[in-house]
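Asks: Take this structure, written in structure tokens, and hold onto it; I'll ask about it next.
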Amino acid sequence: MPETILVVDDEASILESLRGVLGDEGYRVRTADSGTAALAILREEQPQAVLLDIWMPGMDGMEALKRIRESYPDVPVIMMSGHGTIETAVRATKLGAYDFLEKPLSYEKIVLLIQHAASESRLLSENRALRRKVDSRCEMVGGGAAMEDLKRQIATAGPSRGRVLISGESGTGKELVARAIHAASDRAGRPFVEVNCAAIPQDLIESELFGHEKGAFTGATGAKPGKFELADGGTIFLDEVADMSLATQAKVLRVLEQQTFERVGGTQTMRVDVRVIAASNKDLQAEIAAGRFRDDLYFRLAVVPIHVPPLRDRAEDIPLLVSAFLKAFSEDYGKRPKTVSPEALKKLAAHRWPGNVRELKNLVERLVIMAPESEIRESDLPPLVEQEGGRSQAPAALPTVGPLREARAEFERSYILDRLKANKGNVSRTAEELEIERSNLHRKIKALGIEIDSEVRDEA
């Protein structure tokens, strides 16, 4: 469909000339002989650009421009005048005009300006559509008591300037909560910068957070700003904050206290205004007791603590989540939205979802791709969601006595082995699900003595 240009002038000859010129360029042209008539057309449809004469009887072009900018701020308006002065052009620009043209008009210049203005309008429209899509993907889905309580906490914490510490199991949606808090704050229009502390090698995390100067270390071929600089004026989200070394924790503590830092290899003190939101799936009190996390950093991060409940504690939200994921992935893959049979939905709702919302999301994506019919049936569900007696199998029991490190190692081994089995030995998919680097997962598998061939594939 051709793009629409609205031309507003009280001279019929100019309207006809511009209709012909712009029509030859492939535009659909609508015309109006007054500011009032132009506003009436704008109420019917929004063109990609407006050509607006200043001197007209009744409502003049300046008043029309003011009203267009108030009601349709994304529509670019190019002003025209046969009696143009510098003062008039400056006034039009201050009122929001895209550009100013003097009569007699140069049709070549008009066509070029219209192309630029229409392109900008198109980009704005696409940006709005993308933002709506992103916003819909970041929407907190759920209507149960647990989710309503979480939404209330977000609504309260968002407008404050307090630092927030989000706790919860892996896959529960801690990043989503952080983004919702940022969106509810007065920093919503500023950057939201995420740092996954577990995914960055310890020897690089300080450079990632604080930036570095040229020559600071091998491979530092140029200066690079860090995440704190990039988040200036906005929010930084430190995901899996417990995975930072004690030395890095001390430097983050300084930023929280003073809002200052130096780049790696630099001497200049950088000052920033950043709101910090942190998250962890670990018990930070236990990490403090084990000497792996600073208690002073914990108390400064946990000004507003928020806990995200696991999916097993909000089973009533599973049908809503399934519906939302079906719609989103159907759009992504260009398929008609699928439905889920009552039997299949009942089975999904009965599963305990150790991987939480991420596990459910991954499964729905797989079903959108692989299920052959428009309705997903119980037979389409993979073995991952098979239960015994209507419940999923509980994880292996942990030792009730012994050192904490041994209990933690046993739990890690049991959990990683369970996820490897669920993914049929696929290390890359398991690493993505666990939100760690593939190389880190390989090291853990070796350290925990997991034999993929005998313990995973033989049982898969």
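Starting from 1 in every chain, residues are counted up; chains themselves are A, B, ... following the order of the structure tokens, and ligands are numbered from 1 as listed.
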List every residue of region 195-403 of chain A that DSSP, applied to the backbone, labels as helix (DSSP H, G or I), and write the result as a count of residues only.
Replies: 93
Asks: Need the shell around Pro309 (chain A): protein/DNA/RNA residues with any atom at most 8 Å away, counting only C-alpha atoms. Skip same-chain ones fewer than 6 positions apart. Format as a list in words?
Replies: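 Neighbouring residues, sequence-local ones excluded: Ala146, Gly168, Glu169 and Thr172 of chain A.
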Asks: Would you mind exporting C-alpha atoms of the selected residues as a CSV table (one decimal), in the first residue's frame?
Replies:
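Saved to result_14.csv:
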```csv
chain,number,residue,atom,x,y,z
A,146,ALA,CA,1.6,-15.5,44.5
A,168,GLY,CA,14.5,-17.3,43.5
A,169,GLU,CA,15.3,-20.5,41.8
A,172,THR,CA,11.7,-18.3,37.7
```
Asks: Would you work out the distance separating CA of Gly425 (chain A) from CA of Leu441 (chain A), expressed in Å to one decimal?
Replies: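 One can read the CA of Gly425 (chain A) to CA of Leu441 (chain A) distance as 12.2 Å.
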Asks: Extract, using only C-alpha atoms, all DNA, RNA and protein residues at most 9 Å from region 279-288 of chain A, discarding same-chain residues fewer than 3 positions from it, and format them as an MDAnalysis selection string.
Replies: chainID A and resid 164:170 174:175 178 237:243 291:295 298
Asks: Using only C-alpha atoms, which residues sit within 9 Å of Gly61 (chain A) once same-chain residues fewer than 2 positions away are excluded, as an mmCIF file with N, CA and C atoms, in the first residue's frame?
Replies:
```cif
data_model
loop_
_atom_site.group_PDB
_atom_site.id
_atom_site.type_symbol
_atom_site.label_atom_id
_atom_site.label_comp_id
_atom_site.auth_asym_id
_atom_site.auth_seq_id
_atom_site.Cartn_x
_atom_site.Cartn_y
_atom_site.Cartn_z
ATOM 1 N N VAL A 8 -1.338 20.638 2.672
ATOM 2 C CA VAL A 8 -2.292 21.633 3.169
ATOM 3 C C VAL A 8 -1.891 23.012 2.651
ATOM 4 N N ASP A 9 -2.759 23.621 1.812
ATOM 5 C CA ASP A 9 -2.484 24.944 1.251
ATOM 6 C C ASP A 9 -3.806 25.516 0.753
ATOM 7 N N SER A 34 -7.285 24.105 4.323
ATOM 8 C CA SER A 34 -7.249 24.876 5.566
ATOM 9 C C SER A 34 -6.704 23.997 6.690
ATOM 10 N N GLY A 35 -6.308 24.665 7.779
ATOM 11 C CA GLY A 35 -5.828 23.918 8.937
ATOM 12 C C GLY A 35 -6.925 23.062 9.547
ATOM 13 N N LEU A 52 2.696 21.674 5.008
ATOM 14 C CA LEU A 52 1.742 22.612 5.595
ATOM 15 C C LEU A 52 2.143 24.060 5.307
ATOM 16 N N ASP A 53 1.243 24.784 4.644
ATOM 17 C CA ASP A 53 1.482 26.202 4.361
ATOM 18 C C ASP A 53 1.239 27.015 5.636
ATOM 19 N N ILE A 54 1.985 28.089 5.803
ATOM 20 C CA ILE A 54 1.836 28.909 7.005
ATOM 21 C C ILE A 54 0.688 29.897 6.857
ATOM 22 N N TRP A 55 0.640 30.657 5.717
ATOM 23 C CA TRP A 55 -0.331 31.735 5.597
ATOM 24 C C TRP A 55 -1.621 31.228 4.948
ATOM 25 N N MET A 56 -2.613 30.986 5.795
ATOM 26 C CA MET A 56 -3.929 30.528 5.327
ATOM 27 C C MET A 56 -5.006 31.261 6.114
ATOM 28 N N MET A 59 -7.662 29.255 10.584
ATOM 29 C CA MET A 59 -6.548 28.697 11.359
ATOM 30 C C MET A 59 -5.284 28.703 10.497
ATOM 31 N N GLU A 63 -0.716 27.604 13.978
ATOM 32 C CA GLU A 63 -1.672 27.024 14.932
ATOM 33 C C GLU A 63 -1.941 25.570 14.582
ATOM 34 N N ALA A 64 -2.059 25.278 13.280
ATOM 35 C CA ALA A 64 -2.281 23.888 12.853
ATOM 36 C C ALA A 64 -1.092 23.012 13.241
ATOM 37 N N LEU A 65 0.132 23.551 13.061
ATOM 38 C CA LEU A 65 1.331 22.813 13.443
ATOM 39 C C LEU A 65 1.313 22.484 14.935
ATOM 40 N N LYS A 66 0.970 23.476 15.741
ATOM 41 C CA LYS A 66 0.927 23.274 17.189
ATOM 42 C C LYS A 66 -0.043 22.155 17.564
ATOM 43 N N MET A 79 6.985 22.733 6.863
ATOM 44 C CA MET A 79 6.289 23.997 6.688
ATOM 45 C C MET A 79 6.673 24.655 5.359
ATOM 46 N N MET A 80 5.706 25.364 4.746
ATOM 47 C CA MET A 80 5.930 26.109 3.499
ATOM 48 C C MET A 80 5.455 27.546 3.680
#
```
Asks: Measure the distance from CA of Ile68 (chain A) to CA of Leu42 (chain A) in Å and round it to one decimal.
Replies: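 Computed distance, CA of Ile68 (chain A) to CA of Leu42 (chain A), equals 8.3 Å.
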Asks: Near Asp99 (chain A), within 7 Å and counting only C-alpha atoms, which residues show up once chain neighbours fewer than 2 positions away are dropped, as a PDB file with N, CA, C and O atoms, in the first residue's frame?
Replies:
```pdb
ATOM      1  N   ILE A  78       6.391  19.416   7.441  1.00  0.00           N
ATOM      2  CA  ILE A  78       7.271  20.326   6.696  1.00  0.00           C
ATOM      3  C   ILE A  78       6.482  21.598   6.393  1.00  0.00           C
ATOM      4  O   ILE A  78       5.425  21.549   5.761  1.00  0.00           O
ATOM      5  N   MET A  79       6.985  22.733   6.863  1.00  0.00           N
ATOM      6  CA  MET A  79       6.289  23.997   6.688  1.00  0.00           C
ATOM      7  C   MET A  79       6.673  24.655   5.359  1.00  0.00           C
ATOM      8  O   MET A  79       7.812  24.534   4.887  1.00  0.00           O
ATOM      9  N   ALA A  97       8.462  21.691  13.876  1.00  0.00           N
ATOM     10  CA  ALA A  97       8.451  21.424  12.438  1.00  0.00           C
ATOM     11  C   ALA A  97       9.663  20.591  12.047  1.00  0.00           C
ATOM     12  O   ALA A  97      10.761  20.766  12.575  1.00  0.00           O
ATOM     13  N   LEU A 101      10.368  25.241   4.172  1.00  0.00           N
ATOM     14  CA  LEU A 101      10.610  25.510   2.750  1.00  0.00           C
ATOM     15  C   LEU A 101      10.038  26.864   2.361  1.00  0.00           C
ATOM     16  O   LEU A 101       8.943  27.224   2.793  1.00  0.00           O
TER      17      LEU A 101
END
```
Asks: At a cut-off of 9 Å, using only C-alpha atoms, what residues contact His182 (chain A)? Leave out same-chain residues fewer than 6 positions from it and give the result as a list in words.
Replies: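 Near neighbours after the sequence-gap exclusion: Gly158, Pro159, Ala188, Phe192, Gly234, Thr235, Arg275 and Ile277 of chain A.
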Asks: Under the rule that only C-alpha atoms are counted, which of A:Glu44, A:Glu16, A:Asp60, A:Asp232 is the nearest residue to Thr31 (chain A)?
Replies: A:Glu16
Asks: Output as a PyMOL selection string all residues of region 190-219 of chain A that backbone DSSP marks as strand (DSSP E or B).
Replies: chain A and resi 192-196+211-212
Asks: Nearest to Val357 (chain A): which of A:Ser207, A:Asp313, A:Ala198, A:Arg254 is it, counting only C-alpha atoms?
Replies: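 Of the candidates, the smallest distance to Val357 (chain A) is held by A:Asp313.
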Asks: Between A:Glu139, A:Thr93, A:Val274, A:Gln202, which has the minimum distance to Ala324 (chain A) (counting only C-alpha atoms)?
Replies: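 Selected residue with least distance to Ala324 (chain A): A:Glu139.
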Asks: Would you please work out which residue, of A:Glu194, A:Asp332, A:Asp10, A:Glu102, is nearest to Ala38 (chain A) when using only C-alpha atoms?
Replies: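 Using only C-alpha atoms, the shortest distance to Ala38 (chain A) belongs to A:Asp10.
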Asks: Closest to Lys151 (chain A) among A:Arg429, A:Lys214, A:Arg271, A:His307, using only C-alpha atoms?
Replies: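 The shortest atom-to-atom distance to Lys151 (chain A) comes from A:His307.
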Asks: Provide the CA of Ile114 (chain A) to CA of Gly58 (chain A) distance in Å, to one decimal place.
Replies: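 Calculated distance between CA of Ile114 (chain A) and CA of Gly58 (chain A) is 26.2 Å.
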Asks: Give me the residues near Ile445 (chain A) as a list in words, where near means some atom within 10 Å (using only C-alpha atoms) and where sequence neighbours in that chain fewer than 5 positions away do not count.
Replies: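 Within the cut-off, the hits are Glu412, Arg413, Ile416, Leu417, Val427, Ser439, Asn440, Ile450, Glu451 and Ile452 of chain A.
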Asks: Next, the residues of the selection above should be written as a PDB file, in the first residue's frame with C-alpha atoms.
Replies:
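Printed below is part_11.pdb as written:
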```
ATOM      1  CA  GLU A 412      24.793 -29.825  42.124  1.00  0.00           C
ATOM      2  CA  ARG A 413      25.651 -33.300  40.878  1.00  0.00           C
ATOM      3  CA  ILE A 416      23.012 -31.271  36.682  1.00  0.00           C
ATOM      4  CA  LEU A 417      22.576 -35.005  36.098  1.00  0.00           C
ATOM      5  CA  VAL A 427      25.595 -30.285  27.076  1.00  0.00           C
ATOM      6  CA  SER A 439      32.914 -24.608  29.138  1.00  0.00           C
ATOM      7  CA  ASN A 440      31.964 -23.998  32.794  1.00  0.00           C
ATOM      8  CA  ILE A 450      29.472 -37.318  36.000  1.00  0.00           C
ATOM      9  CA  GLU A 451      29.853 -39.941  33.268  1.00  0.00           C
ATOM     10  CA  ILE A 452      27.560 -38.818  30.438  1.00  0.00           C
TER      11      ILE A 452
END
```
